[in-house]
Amino acid sequence: MTTTIERPEVITPEELGGPDGHHPDASHGDADHGHHEGPSGIVNWLTSTDHKVIGKSYMITSLVTFFLAGIMAVVIRAQLLDPHTSLVSYQTYNELFTMHGSLMLYLFAGPFAFGGLANYIVPLQVGAPDMAFPRLNALSYWLYLGGVITMLSGFLVAGGAASFGWVSYAPLSNATNSPGAGGDLWLMALALTGFSAIFTGVNLVATILYLRAPGMTMFRVPVFSWNMLVTAILILIAFPVLFAAVVLLFCDRHFGTHIFSVQGGGSPVLWQHLFWFFGHPEVYILALPYFGMVTDILPVFSRKPVFGYKGMVFATMSIAALSTGVWAHHMFTTGVVLLPFFSLLSYLIAVPTGIKFFNWIGTMWGGQLSFQTPMLFSIGFLLIFLVGGVTGVLLASPPVDFMTHDTYFVVAHFHNVLIGTAVFAGFAGFYFWYPKMFGRMLREGLGKLHFWFLFIGFWVTFMPQYLLGLHGMPRRVASYAPDTGWTALNVISTLGAYIIGFSFLFFLINLMVSWRKPVPSGPNPWDGHGLEWFTSSPPPHHNYTHLPPIRSERPTWDYNHPEHRTVVHKPKGKNSTSPKGDKQTVGAPS
Amino acid sequence: MKVVSLFLVGMAIFFGIIGVIYWFTSYEDAGFLMLIGAALLGLLPGSYYLWWTYHMKLQPEEDPDAAIEDNAGTVDSFPGSSIWPFILGMGAMFALLTFVFGLWLAPIGGALILSALIGVTVESRRGGAV
């Protein structure tokens with residue numbers, strides 16, 4: 001059944017509510033919620049095309065995969081505790097690190113951002129009633145869920161799950177070296193989630209381009225939504241290549257082709273080219289949404305507008321563009337790639353990333369900082385991602401890369417990058433938007449405990465791994481000799497992993513407490529900036545009954561604080577002003 | 001549209017230049033083709049949007065001074081709840097599992113996909129674009 005959606009009505013501070021930040025949606029928000037046609041309960045979950053329901057489904061599923069992959073990580077670390085541990089067999093160990101990487105990268109970090117939070121928040125931020133293609137959006141989720149089931153079912157088949165690493169290098173991943181259904185299931189799961197990502201990408205592009213509210217020009221779209229637009233375009237560049245590579249590898253495994261095998265005239269390096277042409281943009285598909293979250297969170301808890309809005313947007317674009325030209329820096333040691341080209345482009349990425357860093361610091365500089373949980377996680381992101389970025393610059397240098405390639409140095413580097421983004425910034429976003437999604441608050445105390453245990457656990461786990469890498473410990477080994485002298489550092493690292501695992505208990509308790517004893521959040525608990533904080537929490541079906549005038553990149557702030565509004569509202573002066581007559585001044589708040 | 005079209009055309013130019021440089025420094029064909037593919041991906045929608053930027057009156061969402069009323073009326077018809085995306089997704093999963101576990105799964109996947117395609121078409125027609 002189709003529903004025809006009318007545009008929301010305008011609401012101005014002069015008419016209703018006034019400068020005290022109170023607006024009418026707050027009073028009847030609960031009445032709107034639940035007032036939507038259609039089924040409820042499990043049938044609603046199965047049939048809904050509402051971006052909010054789909055976004056929540058995505059988030060729950062991806063968090064489940066996150067916890068599964070986290071448990072695998074703890075088992076991996078327990079196995080490496082000392083040279084004599086034999087908790088799991090070597091084959092199981094290979095399966096565990098493969099599935100840990102695959103679940104985290106393909107099924108958690110990406111879908112949590114672009115399927116979960118972006119699905120929920122982007123239409124709200126741009127003032128849209130839903131995603132542009134709601135049924136396609138639902139299809140994305142079901143394909144993703146199919147991918148999750150397919151990948152996890154690898155553990156149930158004879159021969160076990162895929163065990164060739166998340167990068168699935170040929171010839172290790174061919175039918176001779178990795179027989180069994182596990183590898184095939186892994187490939188099919190990638191095909192399913194790849195299409196799911198592509199459809200979500202199409203949906204995000206169409207939503208951000210065509211469903212913005214009046215006055216929401218591209219340079220007023222919040223940075224999170226901008227980053228999602230750029231991420232969606234990166235998805236459209238990268239995932240089709242992954243799908244092609246997966247099909248070719250499957251043909252090699254079963255249909256007798258020799259695309260990636262030398263004896264048939266193929267080239268194993270071609271797999272690496274195809275995979276990393278997907279794989280490196282994928283790193284930024286995983287990072288950019290989280291950069292966006294942090295960029296939306298820092299100004300709110302600094303009570304300032306974001307510093308250098310356009311610089312942020314252009315930095316995002318440059319990072320995305322450069323990230324597509326650096327894939328072979330993962331392949332330096334193959335000896336057949338153009339070292340100067342890829343090294344130079346990799347170094348160049350540090351420039352826009354640095355711009356972002358300085359803008360983040362500039363946003364906080366001189367602001368009225370308040371350290372609630374989302375802000376703590378954002379600052380945790382800044383610190384951890386900084387070290388990840390700096391070690392990334394080191395690794396962009398071929399001599400350093402030749403020395404540290406396939407050692408624990410690289411493992412520590414990418415965990416610094418990916419835990420910084422997907423976990424710290426991801427949970428910052430989760431704590432930040434949870435009140436919007438569920439209309440209730442998470443507890444501050446438990447959130448802070450979660451942060452501190454996770455933060456300390458992180459450094460304890462990964463700083464020793466840098467040293468281990470420099471001492472020569474290779475990655476993906478299930479054991480090591482006692483006389484290598486690596487035991488002490490491994491013990492520290494494993495201890496850290498236990499602390500990380502422990503920290504998530506606080507998160508789960510927090511969720512349970514907020515569910516059992518809800519503290520209502522109201523529409524705008526953080527005094528937020530973006531349009532999403534204008535509507536009730538959770539938003540009504542199709543999101544908005546009223547919209548404020550949009551005159552800057554923070555319409556809700558302007559509405560709630562007319563004395564600090566960045567631009568004066570001109571109700572009907574359109575004929576006299578040119579589109580370029582927008583005198584937007586950077587606001588000087590309190 | 002102008003910002004986005006320039007963004008996409010800029011992306012096409014960037015990948016085009018990088019692609020050409022890459023080809024003449026490495027003569028490696030896979031990466032070259034993928035870079036040119038990325039350039040075309042930016043060029044096609046980018047030039048289309050750029051053309052429309054100059055052939056369409058300023059849309060309310062592009063107008064910095066637009067009022068919310070400027071866009072009054074109907075947004076569009078949005079589909080309500082629908083079971084077919086679920087059926088189609090599960091059908092796709094079974095269809096792909098056919099490659100792993102054998103042809104006996106193909107009828108299940110095929111039937112699910114076919115029913116979902118019919119269902120979703122009929123649903124659109126019945127729900128009625130007004």
# chains A, B, ... in the order shown; residues from 1 in each chain; ligands from 1
$ select_by_dssp --residues "chain B" --states "strand (DSSP E)" --output "short mmCIF file (atom, residue, chain, number, x, y, z; two decimals) with C-alpha atoms, in the first residue's frame"
data_model
loop_
_atom_site.label_atom_id
_atom_site.label_comp_id
_atom_site.auth_asym_id
_atom_site.auth_seq_id
_atom_site.Cartn_x
_atom_site.Cartn_y
_atom_site.Cartn_z
CA THR B 74 2.93 16.47 -2.12
CA VAL B 75 6.44 15.10 -1.81
CA ASP B 76 5.77 11.82 -3.51
CA SER B 77 4.11 8.50 -3.01
CA PHE B 78 6.07 6.31 -0.64
CA PRO B 79 5.46 2.59 -0.41
#
$ residues_around --residues "region 294-307 of chain A" --least-positions-apart "5" --cutoff "6 Å" --atoms "only C-alpha atoms" --output "list of chain:residue names"
A:Asn359, A:Gly362, A:Thr363, A:Met364, A:Gly367, A:Gln368, A:Leu369, A:Ser370, A:Ser378, A:Gly528
$ residues_around --residues "region 74-80 of chain A" --least-positions-apart "2" --cutoff "10 Å" --atoms "only C-alpha atoms" --output "PyMOL selection string"
chain A and resi 69-72+82-90+92-94+96-97+100+461+476-480+487+490-491+493-501
$ interface_residues --of "chain B" --to "chain A" --cutoff "8 Å" --atoms "only C-alpha atoms" --output "JSON, numbers by chain"
{"B": [1, 3, 4, 11, 14, 15, 18, 22, 25, 26, 30, 31, 34, 35, 38, 41, 60, 61, 62, 63, 64, 65, 66, 67, 68, 69, 70, 71, 72, 73, 74, 75, 76, 77, 78, 79, 80, 81, 82, 83, 84, 85, 86, 88, 89, 90, 92, 93, 96, 97, 100, 101, 123, 124, 126, 127, 128, 129]}
$ write_last_selection --atoms "C-alpha atoms" --output "PDB file, in the first residue's frame"
ATOM      1  CA  MET B   1      22.729  20.419  -8.390  1.00  0.00           C
ATOM      2  CA  VAL B   3      27.786  21.684  -6.413  1.00  0.00           C
ATOM      3  CA  VAL B   4      27.170  17.990  -6.871  1.00  0.00           C
ATOM      4  CA  MET B  11      36.043  13.306  -9.682  1.00  0.00           C
ATOM      5  CA  PHE B  14      40.863  13.537 -11.242  1.00  0.00           C
ATOM      6  CA  PHE B  15      40.539   9.828 -12.009  1.00  0.00           C
ATOM      7  CA  ILE B  18      45.506   9.753 -12.438  1.00  0.00           C
ATOM      8  CA  TYR B  22      49.283   5.498 -14.049  1.00  0.00           C
ATOM      9  CA  THR B  25      54.239   5.014 -15.674  1.00  0.00           C
ATOM     10  CA  SER B  26      53.320   1.377 -15.125  1.00  0.00           C
ATOM     11  CA  ALA B  30      43.832  -3.802 -14.481  1.00  0.00           C
ATOM     12  CA  GLY B  31      44.427  -0.687 -12.406  1.00  0.00           C
ATOM     13  CA  MET B  34      39.485   0.476 -13.032  1.00  0.00           C
ATOM     14  CA  LEU B  35      40.614   4.103 -12.782  1.00  0.00           C
ATOM     15  CA  ALA B  38      35.824   5.323 -11.936  1.00  0.00           C
ATOM     16  CA  LEU B  41      31.268   6.734 -13.176  1.00  0.00           C
ATOM     17  CA  PRO B  60      13.813  25.183  -3.386  1.00  0.00           C
ATOM     18  CA  GLU B  61      16.460  22.899  -1.912  1.00  0.00           C
ATOM     19  CA  GLU B  62      19.124  24.732  -3.924  1.00  0.00           C
ATOM     20  CA  ASP B  63      17.911  28.197  -3.013  1.00  0.00           C
ATOM     21  CA  PRO B  64      19.670  29.577   0.074  1.00  0.00           C
ATOM     22  CA  ASP B  65      16.692  31.859   0.765  1.00  0.00           C
ATOM     23  CA  ALA B  66      13.963  29.293   0.183  1.00  0.00           C
ATOM     24  CA  ALA B  67      11.139  29.179   2.668  1.00  0.00           C
ATOM     25  CA  ILE B  68       9.629  25.891   3.744  1.00  0.00           C
ATOM     26  CA  GLU B  69       6.338  26.879   2.046  1.00  0.00           C
ATOM     27  CA  ASP B  70       8.072  26.997  -1.327  1.00  0.00           C
ATOM     28  CA  ASN B  71       7.929  23.272  -1.440  1.00  0.00           C
ATOM     29  CA  ALA B  72       4.361  22.891  -0.182  1.00  0.00           C
ATOM     30  CA  GLY B  73       2.244  20.096  -1.524  1.00  0.00           C
ATOM     31  CA  THR B  74       2.929  16.470  -2.120  1.00  0.00           C
ATOM     32  CA  VAL B  75       6.443  15.096  -1.806  1.00  0.00           C
ATOM     33  CA  ASP B  76       5.774  11.823  -3.509  1.00  0.00           C
ATOM     34  CA  SER B  77       4.113   8.504  -3.005  1.00  0.00           C
ATOM     35  CA  PHE B  78       6.069   6.308  -0.636  1.00  0.00           C
ATOM     36  CA  PRO B  79       5.464   2.591  -0.410  1.00  0.00           C
ATOM     37  CA  GLY B  80       3.992   1.335   2.836  1.00  0.00           C
ATOM     38  CA  SER B  81       5.020  -1.951   4.380  1.00  0.00           C
ATOM     39  CA  SER B  82       5.844  -4.711   1.961  1.00  0.00           C
ATOM     40  CA  ILE B  83       6.886  -8.323   2.421  1.00  0.00           C
ATOM     41  CA  TRP B  84       8.483  -8.581  -1.030  1.00  0.00           C
ATOM     42  CA  PRO B  85      11.924  -7.146  -0.261  1.00  0.00           C
ATOM     43  CA  PHE B  86      12.269  -9.867   2.383  1.00  0.00           C
ATOM     44  CA  LEU B  88      13.491 -11.215  -2.766  1.00  0.00           C
ATOM     45  CA  GLY B  89      16.437 -11.019  -0.368  1.00  0.00           C
ATOM     46  CA  MET B  90      15.947 -14.568   0.847  1.00  0.00           C
ATOM     47  CA  ALA B  92      18.778 -14.131  -3.698  1.00  0.00           C
ATOM     48  CA  MET B  93      20.437 -15.886  -0.777  1.00  0.00           C
ATOM     49  CA  LEU B  96      23.576 -17.930  -4.510  1.00  0.00           C
ATOM     50  CA  LEU B  97      23.730 -20.894  -2.118  1.00  0.00           C
ATOM     51  CA  VAL B 100      27.726 -23.893  -3.024  1.00  0.00           C
ATOM     52  CA  PHE B 101      25.340 -26.716  -2.163  1.00  0.00           C
ATOM     53  CA  GLU B 123       1.804  -4.133  -5.349  1.00  0.00           C
ATOM     54  CA  SER B 124       3.039  -0.986  -7.076  1.00  0.00           C
ATOM     55  CA  ARG B 126      -2.466  -1.772  -6.922  1.00  0.00           C
ATOM     56  CA  GLY B 127      -1.086   0.723  -4.413  1.00  0.00           C
ATOM     57  CA  GLY B 128      -1.499   3.061  -7.310  1.00  0.00           C
ATOM     58  CA  ALA B 129       0.601   5.930  -8.413  1.00  0.00           C
TER      59      ALA B 129
END
$ atom_distance --atom1 "CA of Phe502 (chain A)" --atom2 "CA of Ala428 (chain A)"
18.3 Å
$ atom_distance --atom1 "CA of His529 (chain A)" --atom2 "CA of Glu553 (chain A)"
7.9 Å
$ select_by_dssp --residues "region 45-97 of chain B" --states "helix (DSSP H, G or I)" --output "ChimeraX atom specification"
/B:45-53,68-71,84-97
$ residues_around --residues "region 106-119 of chain B" --least-positions-apart "3" --cutoff "6 Å" --atoms "only C-alpha atoms" --output "MDAnalysis selection string"
chainID B and resid 84 87:88 91 94:95 98 103 122:123
$ atom_distance --atom1 "CA of Thr257 (chain A)" --atom2 "CA of Trp186 (chain A)"
19.3 Å
$ closest_residue --among "A:Gly279, A:Pro111, A:Gly429, A:Gly311" --to "Ser62 (chain A)" --atoms "only C-alpha atoms"
A:Pro111
